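Chemist: You'll find start.pdb just under this line, and it carries PDB, N, CA and C atoms.
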ATOM      1  N   MET A   1       1.762 -13.694   4.088
ATOM      2  CA  MET A   1       0.402 -13.780   4.600
ATOM      3  C   MET A   1       0.109 -12.508   5.383
ATOM      4  N   ASN A   2      -1.067 -11.948   5.194
ATOM      5  CA  ASN A   2      -1.367 -10.706   5.897
ATOM      6  C   ASN A   2      -1.836 -10.986   7.321
ATOM      7  N   ALA A   3      -1.842  -9.933   8.132
ATOM      8  CA  ALA A   3      -2.163 -10.077   9.545
ATOM      9  C   ALA A   3      -3.598 -10.539   9.765
ATOM     10  N   VAL A   4      -4.516 -10.148   8.893
ATOM     11  CA  VAL A   4      -5.918 -10.547   9.055
ATOM     12  C   VAL A   4      -6.060 -12.048   8.916
ATOM     13  N   ALA A   5      -5.382 -12.644   7.953
ATOM     14  CA  ALA A   5      -5.488 -14.078   7.711
ATOM     15  C   ALA A   5      -4.870 -14.880   8.852
ATOM     16  N   GLN A   6      -3.916 -14.296   9.594
ATOM     17  CA  GLN A   6      -3.244 -15.007  10.669
ATOM     18  C   GLN A   6      -4.009 -14.937  11.981
ATOM     19  N   ALA A   7      -4.927 -14.016  12.089
ATOM     20  CA  ALA A   7      -5.666 -13.861  13.333
ATOM     21  C   ALA A   7      -6.584 -15.054  13.554
ATOM     22  N   PRO A   8      -6.692 -15.537  14.798
ATOM     23  CA  PRO A   8      -7.599 -16.652  15.061
ATOM     24  C   PRO A   8      -9.047 -16.223  14.832
ATOM     25  N   VAL A   9      -9.831 -17.141  14.359
ATOM     26  CA  VAL A   9     -11.237 -16.863  14.078
ATOM     27  C   VAL A   9     -12.072 -17.531  15.155
ATOM     28  N   ALA A  10     -12.883 -16.742  15.816
ATOM     29  CA  ALA A  10     -13.793 -17.282  16.810
ATOM     30  C   ALA A  10     -15.074 -17.700  16.109
ATOM     31  N   ILE A  11     -15.384 -18.982  16.181
ATOM     32  CA  ILE A  11     -16.593 -19.484  15.535
ATOM     33  C   ILE A  11     -17.680 -19.581  16.581
ATOM     34  N   GLN A  12     -18.770 -18.896  16.315
ATOM     35  CA  GLN A  12     -19.906 -18.926  17.213
ATOM     36  C   GLN A  12     -21.032 -19.701  16.539
ATOM     37  N   VAL A  13     -21.504 -20.736  17.182
ATOM     38  CA  VAL A  13     -22.603 -21.512  16.632
ATOM     39  C   VAL A  13     -23.893 -20.933  17.175
ATOM     40  N   ALA A  14     -24.733 -20.473  16.272
ATOM     41  CA  ALA A  14     -26.011 -19.890  16.674
ATOM     42  C   ALA A  14     -26.934 -20.995  17.168
ATOM     43  N   GLN A  15     -27.510 -20.791  18.310
ATOM     44  CA  GLN A  15     -28.408 -21.783  18.880
ATOM     45  C   GLN A  15     -29.879 -21.440  18.618
ATOM     46  N   ASP A  16     -30.145 -20.255  18.077
ATOM     47  CA  ASP A  16     -31.516 -19.801  17.905
ATOM     48  C   ASP A  16     -32.284 -20.606  16.875
ATOM     49  N   SER A  17     -31.742 -20.730  15.690
ATOM     50  CA  SER A  17     -32.452 -21.412  14.614
ATOM     51  C   SER A  17     -31.469 -21.819  13.529
ATOM     52  N   PRO A  18     -31.876 -22.746  12.672
ATOM     53  CA  PRO A  18     -31.012 -23.097  11.537
ATOM     54  C   PRO A  18     -30.732 -21.900  10.630
ATOM     55  N   VAL A  19     -31.687 -20.999  10.489
ATOM     56  CA  VAL A  19     -31.484 -19.817   9.653
ATOM     57  C   VAL A  19     -30.441 -18.904  10.278
ATOM     58  N   SER A  20     -30.473 -18.748  11.595
ATOM     59  CA  SER A  20     -29.448 -17.954  12.283
ATOM     60  C   SER A  20     -28.074 -18.583  12.102
ATOM     61  N   ALA A  21     -28.013 -19.898  12.188
ATOM     62  CA  ALA A  21     -26.744 -20.596  11.973
ATOM     63  C   ALA A  21     -26.252 -20.378  10.547
ATOM     64  N   LEU A  22     -27.154 -20.435   9.582
ATOM     65  CA  LEU A  22     -26.782 -20.205   8.188
ATOM     66  C   LEU A  22     -26.261 -18.783   7.996
ATOM     67  N   ARG A  23     -26.927 -17.812   8.607
ATOM     68  CA  ARG A  23     -26.445 -16.427   8.524
ATOM     69  C   ARG A  23     -25.053 -16.301   9.122
ATOM     70  N   GLY A  24     -24.805 -16.993  10.231
ATOM     71  CA  GLY A  24     -23.481 -16.961  10.843
ATOM     72  C   GLY A  24     -22.409 -17.524   9.934
ATOM     73  N   ARG A  25     -22.711 -18.634   9.260
ATOM     74  CA  ARG A  25     -21.731 -19.217   8.339
ATOM     75  C   ARG A  25     -21.512 -18.303   7.134
ATOM     76  N   LEU A  26     -22.564 -17.633   6.697
ATOM     77  CA  LEU A  26     -22.451 -16.682   5.589
ATOM     78  C   LEU A  26     -21.540 -15.517   5.982
ATOM     79  N   GLU A  27     -21.667 -15.041   7.205
ATOM     80  CA  GLU A  27     -20.801 -13.966   7.696
ATOM     81  C   GLU A  27     -19.349 -14.429   7.788
ATOM     82  N   GLU A  28     -19.128 -15.673   8.215
ATOM     83  CA  GLU A  28     -17.769 -16.214   8.266
ATOM     84  C   GLU A  28     -17.165 -16.294   6.867
ATOM     85  N   LEU A  29     -17.965 -16.735   5.915
ATOM     86  CA  LEU A  29     -17.490 -16.824   4.535
ATOM     87  C   LEU A  29     -17.143 -15.440   4.002
ATOM     88  N   MET A  30     -17.955 -14.454   4.344
ATOM     89  CA  MET A  30     -17.685 -13.081   3.908
ATOM     90  C   MET A  30     -16.349 -12.595   4.474
ATOM     91  N   ARG A  31     -16.116 -12.848   5.757
ATOM     92  CA  ARG A  31     -14.840 -12.436   6.364
ATOM     93  C   ARG A  31     -13.664 -13.127   5.686
ATOM     94  N   LEU A  32     -13.827 -14.398   5.336
ATOM     95  CA  LEU A  32     -12.761 -15.117   4.657
ATOM     96  C   LEU A  32     -12.481 -14.528   3.282
ATOM     97  N   VAL A  33     -13.513 -14.294   2.501
ATOM     98  CA  VAL A  33     -13.339 -13.745   1.148
ATOM     99  C   VAL A  33     -12.675 -12.378   1.211
ATOM    100  N   LEU A  34     -13.006 -11.585   2.224
ATOM    101  CA  LEU A  34     -12.396 -10.261   2.365
ATOM    102  C   LEU A  34     -10.891 -10.326   2.597
ATOM    103  N   THR A  35     -10.389 -11.456   3.086
ATOM    104  CA  THR A  35      -8.953 -11.580   3.347
ATOM    105  C   THR A  35      -8.160 -12.045   2.128
ATOM    106  N   LEU A  36      -8.847 -12.529   1.097
ATOM    107  CA  LEU A  36      -8.153 -13.123  -0.051
ATOM    108  C   LEU A  36      -7.825 -12.101  -1.125
ATOM    109  N   PRO A  37      -6.616 -12.182  -1.679
ATOM    110  CA  PRO A  37      -6.321 -11.352  -2.851
ATOM    111  C   PRO A  37      -7.180 -11.826  -4.027
ATOM    112  N   ALA A  38      -7.570 -10.906  -4.888
ATOM    113  CA  ALA A  38      -8.434 -11.240  -6.024
ATOM    114  C   ALA A  38      -7.836 -12.340  -6.893
ATOM    115  N   GLU A  39      -6.521 -12.302  -7.089
ATOM    116  CA  GLU A  39      -5.900 -13.315  -7.955
ATOM    117  C   GLU A  39      -5.971 -14.710  -7.331
ATOM    118  N   ALA A  40      -5.904 -14.805  -6.022
ATOM    119  CA  ALA A  40      -6.037 -16.099  -5.352
ATOM    120  C   ALA A  40      -7.485 -16.576  -5.389
ATOM    121  N   TYR A  41      -8.414 -15.660  -5.249
ATOM    122  CA  TYR A  41      -9.832 -15.991  -5.244
ATOM    123  C   TYR A  41     -10.259 -16.656  -6.555
ATOM    124  N   GLY A  42      -9.790 -16.163  -7.677
ATOM    125  CA  GLY A  42     -10.201 -16.685  -8.976
ATOM    126  C   GLY A  42      -9.255 -17.688  -9.601
ATOM    127  N   ALA A  43      -8.136 -17.985  -8.936
ATOM    128  CA  ALA A  43      -7.120 -18.877  -9.519
ATOM    129  C   ALA A  43      -7.584 -20.327  -9.533
ATOM    130  N   ARG A  44      -7.271 -20.999 -10.624
ATOM    131  CA  ARG A  44      -7.539 -22.441 -10.737
ATOM    132  C   ARG A  44      -6.204 -23.159 -10.801
ATOM    133  N   THR A  45      -6.109 -24.255 -10.078
ATOM    134  CA  THR A  45      -4.907 -25.070 -10.137
ATOM    135  C   THR A  45      -5.284 -26.451 -10.641
ATOM    136  N   SER A  46      -4.293 -27.192 -11.044
ATOM    137  CA  SER A  46      -4.554 -28.540 -11.554
ATOM    138  C   SER A  46      -4.904 -29.517 -10.435
ATOM    139  N   ARG A  47      -4.675 -29.121  -9.193
ATOM    140  CA  ARG A  47      -4.924 -30.017  -8.063
ATOM    141  C   ARG A  47      -6.323 -29.896  -7.483
ATOM    142  N   THR A  48      -7.125 -28.964  -7.958
ATOM    143  CA  THR A  48      -8.458 -28.773  -7.390
ATOM    144  C   THR A  48      -9.522 -28.854  -8.474
ATOM    145  N   SER A  49     -10.750 -29.047  -8.043
ATOM    146  CA  SER A  49     -11.859 -29.154  -8.993
ATOM    147  C   SER A  49     -12.408 -27.793  -9.396
ATOM    148  N   GLY A  50     -11.909 -26.730  -8.838
ATOM    149  CA  GLY A  50     -12.367 -25.387  -9.187
ATOM    150  C   GLY A  50     -11.669 -24.363  -8.327
ATOM    151  N   SER A  51     -11.858 -23.112  -8.690
ATOM    152  CA  SER A  51     -11.247 -22.029  -7.917
ATOM    153  C   SER A  51     -12.020 -21.811  -6.622
ATOM    154  N   ILE A  52     -11.441 -21.044  -5.738
ATOM    155  CA  ILE A  52     -12.155 -20.669  -4.512
ATOM    156  C   ILE A  52     -13.459 -19.963  -4.905
ATOM    157  N   GLY A  53     -13.365 -19.062  -5.874
ATOM    158  CA  GLY A  53     -14.551 -18.332  -6.316
ATOM    159  C   GLY A  53     -15.642 -19.239  -6.853
ATOM    160  N   GLU A  54     -15.258 -20.283  -7.581
ATOM    161  CA  GLU A  54     -16.263 -21.220  -8.092
ATOM    162  C   GLU A  54     -16.942 -21.973  -6.952
ATOM    163  N   HIS A  55     -16.191 -22.317  -5.932
ATOM    164  CA  HIS A  55     -16.771 -23.002  -4.778
ATOM    165  C   HIS A  55     -17.668 -22.053  -3.979
ATOM    166  N   VAL A  56     -17.239 -20.795  -3.847
ATOM    167  CA  VAL A  56     -18.073 -19.805  -3.155
ATOM    168  C   VAL A  56     -19.383 -19.618  -3.924
ATOM    169  N   ARG A  57     -19.300 -19.481  -5.256
ATOM    170  CA  ARG A  57     -20.516 -19.338  -6.064
ATOM    171  C   ARG A  57     -21.450 -20.525  -5.866
ATOM    172  N   HIS A  58     -20.892 -21.717  -5.808
ATOM    173  CA  HIS A  58     -21.694 -22.924  -5.608
ATOM    174  C   HIS A  58     -22.462 -22.853  -4.278
ATOM    175  N   VAL A  59     -21.767 -22.471  -3.218
ATOM    176  CA  VAL A  59     -22.403 -22.351  -1.905
ATOM    177  C   VAL A  59     -23.493 -21.279  -1.943
ATOM    178  N   LEU A  60     -23.172 -20.129  -2.529
ATOM    179  CA  LEU A  60     -24.144 -19.031  -2.579
ATOM    180  C   LEU A  60     -25.348 -19.385  -3.434
ATOM    181  N   ASP A  61     -25.149 -20.181  -4.481
ATOM    182  CA  ASP A  61     -26.275 -20.637  -5.301
ATOM    183  C   ASP A  61     -27.280 -21.431  -4.470
ATOM    184  N   HIS A  62     -26.771 -22.283  -3.599
ATOM    185  CA  HIS A  62     -27.660 -23.088  -2.755
ATOM    186  C   HIS A  62     -28.414 -22.206  -1.757
ATOM    187  N   ILE A  63     -27.734 -21.249  -1.173
ATOM    188  CA  ILE A  63     -28.410 -20.337  -0.241
ATOM    189  C   ILE A  63     -29.438 -19.505  -0.995
ATOM    190  N   SER A  64     -29.095 -19.051  -2.180
ATOM    191  CA  SER A  64     -30.024 -18.261  -2.992
ATOM    192  C   SER A  64     -31.258 -19.072  -3.354
ATOM    193  N   SER A  65     -31.081 -20.339  -3.704
ATOM    194  CA  SER A  65     -32.224 -21.205  -4.021
ATOM    195  C   SER A  65     -33.117 -21.372  -2.802
ATOM    196  N   PHE A  66     -32.506 -21.530  -1.646
ATOM    197  CA  PHE A  66     -33.260 -21.662  -0.402
ATOM    198  C   PHE A  66     -34.075 -20.409  -0.116
ATOM    199  N   VAL A  67     -33.434 -19.247  -0.253
ATOM    200  CA  VAL A  67     -34.098 -17.967   0.032
ATOM    201  C   VAL A  67     -35.253 -17.716  -0.935
ATOM    202  N   ALA A  68     -35.071 -18.096  -2.196
ATOM    203  CA  ALA A  68     -36.087 -17.813  -3.225
ATOM    204  C   ALA A  68     -37.192 -18.861  -3.282
ATOM    205  N   ALA A  69     -37.046 -19.954  -2.554
ATOM    206  CA  ALA A  69     -38.004 -21.051  -2.652
ATOM    207  C   ALA A  69     -39.382 -20.659  -2.133
ATOM    208  N   CYS A  70     -40.362 -21.176  -2.796
ATOM    209  CA  CYS A  70     -41.748 -21.023  -2.360
ATOM    210  C   CYS A  70     -42.001 -22.081  -1.286
ATOM    211  N   PRO A  71     -42.528 -21.692  -0.127
ATOM    212  CA  PRO A  71     -42.724 -22.652   0.959
ATOM    213  C   PRO A  71     -43.613 -23.846   0.584
ATOM    214  N   SER A  72     -44.499 -23.681  -0.382
ATOM    215  CA  SER A  72     -45.399 -24.774  -0.744
ATOM    216  C   SER A  72     -44.879 -25.611  -1.917
ATOM    217  N   ALA A  73     -43.684 -25.308  -2.416
ATOM    218  CA  ALA A  73     -43.138 -26.029  -3.563
ATOM    219  C   ALA A  73     -41.934 -26.881  -3.148
ATOM    220  N   VAL A  74     -41.540 -27.763  -4.032
ATOM    221  CA  VAL A  74     -40.351 -28.571  -3.813
ATOM    222  C   VAL A  74     -39.127 -27.713  -4.091
ATOM    223  N   LEU A  75     -38.189 -27.733  -3.172
ATOM    224  CA  LEU A  75     -36.961 -26.951  -3.324
ATOM    225  C   LEU A  75     -36.011 -27.689  -4.254
ATOM    226  N   SER A  76     -35.560 -27.019  -5.302
ATOM    227  CA  SER A  76     -34.643 -27.629  -6.260
ATOM    228  C   SER A  76     -33.376 -26.795  -6.363
ATOM    229  N   TYR A  77     -32.243 -27.487  -6.306
ATOM    230  CA  TYR A  77     -30.952 -26.831  -6.459
ATOM    231  C   TYR A  77     -30.383 -27.047  -7.861
ATOM    232  N   ASP A  78     -31.186 -27.579  -8.761
ATOM    233  CA  ASP A  78     -30.700 -27.955 -10.084
ATOM    234  C   ASP A  78     -30.462 -26.786 -11.028
ATOM    235  N   HIS A  79     -31.143 -25.692 -10.838
ATOM    236  CA  HIS A  79     -31.045 -24.571 -11.777
ATOM    237  C   HIS A  79     -30.115 -23.500 -11.222
ATOM    238  N   ARG A  80     -28.827 -23.628 -11.595
ATOM    239  CA  ARG A  80     -27.834 -22.670 -11.134
ATOM    240  C   ARG A  80     -27.096 -22.116 -12.348
ATOM    241  N   THR A  81     -26.595 -20.903 -12.215
ATOM    242  CA  THR A  81     -25.869 -20.253 -13.306
ATOM    243  C   THR A  81     -24.385 -20.258 -12.995
ATOM    244  N   ARG A  82     -23.623 -20.832 -13.892
ATOM    245  CA  ARG A  82     -22.167 -20.862 -13.724
ATOM    246  C   ARG A  82     -21.534 -19.754 -14.560
ATOM    247  N   GLY A  83     -20.277 -19.428 -14.235
ATOM    248  CA  GLY A  83     -19.557 -18.420 -15.005
ATOM    249  C   GLY A  83     -19.949 -16.997 -14.673
ATOM    250  N   THR A  84     -20.426 -16.752 -13.462
ATOM    251  CA  THR A  84     -20.843 -15.409 -13.067
ATOM    252  C   THR A  84     -19.670 -14.636 -12.464
ATOM    253  N   ALA A  85     -19.882 -13.360 -12.249
ATOM    254  CA  ALA A  85     -18.850 -12.506 -11.640
ATOM    255  C   ALA A  85     -18.509 -12.963 -10.226
ATOM    256  N   VAL A  86     -19.434 -13.629  -9.559
ATOM    257  CA  VAL A  86     -19.177 -14.120  -8.201
ATOM    258  C   VAL A  86     -17.989 -15.075  -8.186
ATOM    259  N   GLU A  87     -17.755 -15.778  -9.288
ATOM    260  CA  GLU A  87     -16.655 -16.743  -9.360
ATOM    261  C   GLU A  87     -15.287 -16.083  -9.485
ATOM    262  N   THR A  88     -15.236 -14.877 -10.019
ATOM    263  CA  THR A  88     -13.939 -14.252 -10.319
ATOM    264  C   THR A  88     -13.686 -12.954  -9.571
ATOM    265  N   GLU A  89     -14.715 -12.340  -9.059
ATOM    266  CA  GLU A  89     -14.582 -11.037  -8.398
ATOM    267  C   GLU A  89     -15.033 -11.119  -6.938
ATOM    268  N   PRO A  90     -14.099 -11.032  -6.006
ATOM    269  CA  PRO A  90     -14.494 -11.072  -4.600
ATOM    270  C   PRO A  90     -15.547 -10.025  -4.251
ATOM    271  N   SER A  91     -15.484  -8.852  -4.864
ATOM    272  CA  SER A  91     -16.474  -7.804  -4.550
ATOM    273  C   SER A  91     -17.883  -8.234  -4.964
ATOM    274  N   ALA A  92     -18.010  -8.943  -6.063
ATOM    275  CA  ALA A  92     -19.325  -9.449  -6.493
ATOM    276  C   ALA A  92     -19.823 -10.500  -5.509
ATOM    277  N   ALA A  93     -18.920 -11.327  -5.007
ATOM    278  CA  ALA A  93     -19.298 -12.332  -4.017
ATOM    279  C   ALA A  93     -19.766 -11.661  -2.724
ATOM    280  N   ILE A  94     -19.063 -10.633  -2.303
ATOM    281  CA  ILE A  94     -19.444  -9.913  -1.081
ATOM    282  C   ILE A  94     -20.826  -9.287  -1.246
ATOM    283  N   ARG A  95     -21.077  -8.668  -2.394
ATOM    284  CA  ARG A  95     -22.408  -8.072  -2.646
ATOM    285  C   ARG A  95     -23.495  -9.135  -2.581
ATOM    286  N   GLU A  96     -23.233 -10.298  -3.175
ATOM    287  CA  GLU A  96     -24.231 -11.380  -3.149
ATOM    288  C   GLU A  96     -24.430 -11.893  -1.727
ATOM    289  N   MET A  97     -23.366 -12.011  -0.954
ATOM    290  CA  MET A  97     -23.497 -12.444   0.436
ATOM    291  C   MET A  97     -24.310 -11.444   1.253
ATOM    292  N   MET A  98     -24.093 -10.162   1.009
ATOM    293  CA  MET A  98     -24.860  -9.133   1.722
ATOM    294  C   MET A  98     -26.335  -9.211   1.347
ATOM    295  N   ARG A  99     -26.616  -9.451   0.066
ATOM    296  CA  ARG A  99     -28.005  -9.594  -0.385
ATOM    297  C   ARG A  99     -28.666 -10.794   0.289
ATOM    298  N   LEU A 100     -27.948 -11.904   0.326
ATOM    299  CA  LEU A 100     -28.502 -13.108   0.936
ATOM    300  C   LEU A 100     -28.676 -12.958   2.449
ATOM    301  N   ALA A 101     -27.718 -12.312   3.097
ATOM    302  CA  ALA A 101     -27.838 -12.086   4.550
ATOM    303  C   ALA A 101     -29.070 -11.227   4.845
ATOM    304  N   ALA A 102     -29.305 -10.218   4.034
ATOM    305  CA  ALA A 102     -30.485  -9.375   4.224
ATOM    306  C   ALA A 102     -31.761 -10.174   3.988
ATOM    307  N   ALA A 103     -31.757 -11.036   2.987
ATOM    308  CA  ALA A 103     -32.929 -11.862   2.713
ATOM    309  C   ALA A 103     -33.184 -12.840   3.856
ATOM    310  N   LEU A 104     -32.126 -13.371   4.428
ATOM    311  CA  LEU A 104     -32.291 -14.314   5.553
ATOM    312  C   LEU A 104     -32.798 -13.618   6.818
ATOM    313  N   GLU A 105     -32.546 -12.322   6.938
ATOM    314  CA  GLU A 105     -33.043 -11.563   8.098
ATOM    315  C   GLU A 105     -34.554 -11.703   8.225
ATOM    316  N   SER A 106     -35.255 -11.721   7.103
ATOM    317  CA  SER A 106     -36.713 -11.783   7.118
ATOM    318  C   SER A 106     -37.223 -13.162   7.511
ATOM    319  N   TRP A 107     -36.359 -14.168   7.549
ATOM    320  CA  TRP A 107     -36.786 -15.523   7.915
ATOM    321  C   TRP A 107     -36.861 -15.701   9.426
ATOM    322  N   ASP A 108     -36.172 -14.869  10.192
ATOM    323  CA  ASP A 108     -36.145 -15.054  11.648
ATOM    324  C   ASP A 108     -37.340 -14.507  12.313
TER
END
How does this structure look as structure tokens?

Modeler:
Amino acid sequence: MNAVAQAPVAIQVAQDSPVSALRGRLEELMRLVLTLPAEAYGARTSRTSGSIGEHVRHVLDHISSFVAACPSAVLSYDHRTRGTAVETEPSAAIREMMRLAAALESWD
């Protein structure tokens, strides 16, 4: 295990707004993904329902749907794309997290 993964993580709960809290959790997820080897990120085992990358993609899909939603429309999480680079490449996940964090900046 590398030294970064062993370091304690200080979790700060944003009190400003739900969007600030969401940005904070997105930053925590980014720090976690940065600590994982690529092979661990995309690995599937028989004991889980998907790889870490597939779960990260699922979370990012929901944030992306939220960011792209029209305020006057019903928010739907039903239209998501599976099998993307975010599921297998930590760098693609980091880029998507950075895009979403920037998009959430405009909500505050």

Chemist: One decimal, Å: what's the distance from CA of Ile52 (chain A) over to atom N of Thr81 (chain A), could you say?

Modeler: 16.4 Å

Chemist: Measuring atom to atom with only C-alpha atoms, identify which of A:Ala103, A:Arg95, A:Glu87, A:Leu26 is nearest to Glu39 (chain A).

Modeler: A:Glu87

Chemist: Check what the PyMOL selection byres (((chain A and resi 77 and name CA) around 9) and name CA) selects in the file above and give those residues as a ChimeraX atom specification.

Modeler: /A:61-62,65-66,75-76,78-80

Chemist: When you draw a straight line from CA of Leu34 (chain A) to CA of Asp16 (chain A), how long is it in Å?

Modeler: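 Interatomic distance here is 26.4 Å.
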
Chemist: So the first atom is atom N of Ser64 (chain A) and the second is CA of Leu32 (chain A); what is the distance between them in Å, to one decimal place?

Modeler: 18.1 Å

Chemist: Draw an axis-aligned box tight on the listed atoms of region 39-48 of chain A, then pad every side by 4 Å and write out centre and edge lengths in Å to one decimal as JSON.

Modeler:
{"center_x": -7.3, "center_y": -21.2, "center_z": -8.4, "size_x": 14.0, "size_y": 25.7, "size_z": 14.3}

Chemist: On this file, the PyMOL selection byres (((chain A and resi 101 and name CA) around 12) and name CA) gives some set of residues; write that set as a PyMOL selection string.

Modeler: chain A and resi 19-30+60+63-64+67+94-100+102-108

Chemist: For His55 (chain A), which residue out of A:Pro37, A:Gly42, A:Ala68, A:Ala92 is the nearest one, using only C-alpha atoms?

Modeler: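 Nearest candidate to His55 (chain A) out of A:Pro37, A:Gly42, A:Ala68, A:Ala92: A:Gly42.
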
Chemist: Using DSSP on the backbone, list every residue of chain A that comes out as alpha helix (DSSP H), and give them as a ChimeraX atom specification.

Modeler: /A:3-6,18-35,38-42,52-68,90-105

Chemist: From the set A:Arg44, A:Ala38, A:Pro18, A:Ser49, which residue has the shortest atom-to-atom contact distance to Pro90 (chain A), counting only N, CA and C atoms?

Modeler: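 Of all the options, A:Ala38 lies closest to Pro90 (chain A).
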
Chemist: Excluding Val86 (chain A) and residues on its chain fewer than 3 positions from it, collect all residues at most 6.5 Å away from it, counting all atoms listed in the file, and give them as a ChimeraX atom specification.

Modeler: /A:53-54,56-57,83,89-90,92-93

Chemist: Will you give me region 69-76 of chain A, written with all heavy atoms and laid out as a short mmCIF file (atom, residue, chain, number, x, y, z; two decimals), in the first residue's frame?

Modeler:
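Result file is part27.cif:
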data_model
loop_
_atom_site.label_atom_id
_atom_site.label_comp_id
_atom_site.auth_asym_id
_atom_site.auth_seq_id
_atom_site.Cartn_x
_atom_site.Cartn_y
_atom_site.Cartn_z
N ALA A 69 -29.37 19.28 -16.05
CA ALA A 69 -30.82 19.36 -15.99
C ALA A 69 -31.32 20.79 -16.19
O ALA A 69 -30.71 21.75 -15.74
CB ALA A 69 -31.31 18.84 -14.64
N CYS A 70 -32.43 20.87 -16.86
CA CYS A 70 -33.13 22.14 -17.03
C CYS A 70 -33.94 22.38 -15.76
O CYS A 70 -34.69 21.50 -15.33
CB CYS A 70 -34.04 22.05 -18.25
SG CYS A 70 -35.04 23.53 -18.50
N PRO A 71 -33.82 23.55 -15.15
CA PRO A 71 -34.52 23.81 -13.89
C PRO A 71 -36.05 23.66 -13.99
O PRO A 71 -36.70 23.35 -13.00
CB PRO A 71 -34.16 25.25 -13.56
CG PRO A 71 -32.90 25.51 -14.29
CD PRO A 71 -32.96 24.66 -15.53
N SER A 72 -36.62 23.84 -15.17
CA SER A 72 -38.07 23.74 -15.30
C SER A 72 -38.54 22.35 -15.74
O SER A 72 -39.73 22.15 -15.94
CB SER A 72 -38.56 24.79 -16.30
OG SER A 72 -38.00 24.53 -17.57
N ALA A 73 -37.63 21.40 -15.88
CA ALA A 73 -37.99 20.06 -16.33
C ALA A 73 -37.82 19.04 -15.21
O ALA A 73 -37.19 19.32 -14.19
CB ALA A 73 -37.12 19.66 -17.53
N VAL A 74 -38.37 17.87 -15.43
CA VAL A 74 -38.20 16.77 -14.49
C VAL A 74 -36.81 16.18 -14.67
O VAL A 74 -36.39 15.90 -15.79
CB VAL A 74 -39.28 15.68 -14.73
CG1 VAL A 74 -39.02 14.46 -13.86
CG2 VAL A 74 -40.66 16.25 -14.49
N LEU A 75 -36.11 16.01 -13.58
CA LEU A 75 -34.76 15.45 -13.63
C LEU A 75 -34.85 13.94 -13.76
O LEU A 75 -35.51 13.27 -12.97
CB LEU A 75 -33.99 15.82 -12.35
CG LEU A 75 -32.60 15.25 -12.17
CD1 LEU A 75 -31.68 15.68 -13.31
CD2 LEU A 75 -32.04 15.69 -10.83
N SER A 76 -34.20 13.38 -14.77
CA SER A 76 -34.21 11.94 -14.99
C SER A 76 -32.79 11.40 -15.01
O SER A 76 -31.92 11.95 -15.66
CB SER A 76 -34.88 11.62 -16.33
OG SER A 76 -34.75 10.24 -16.61
#
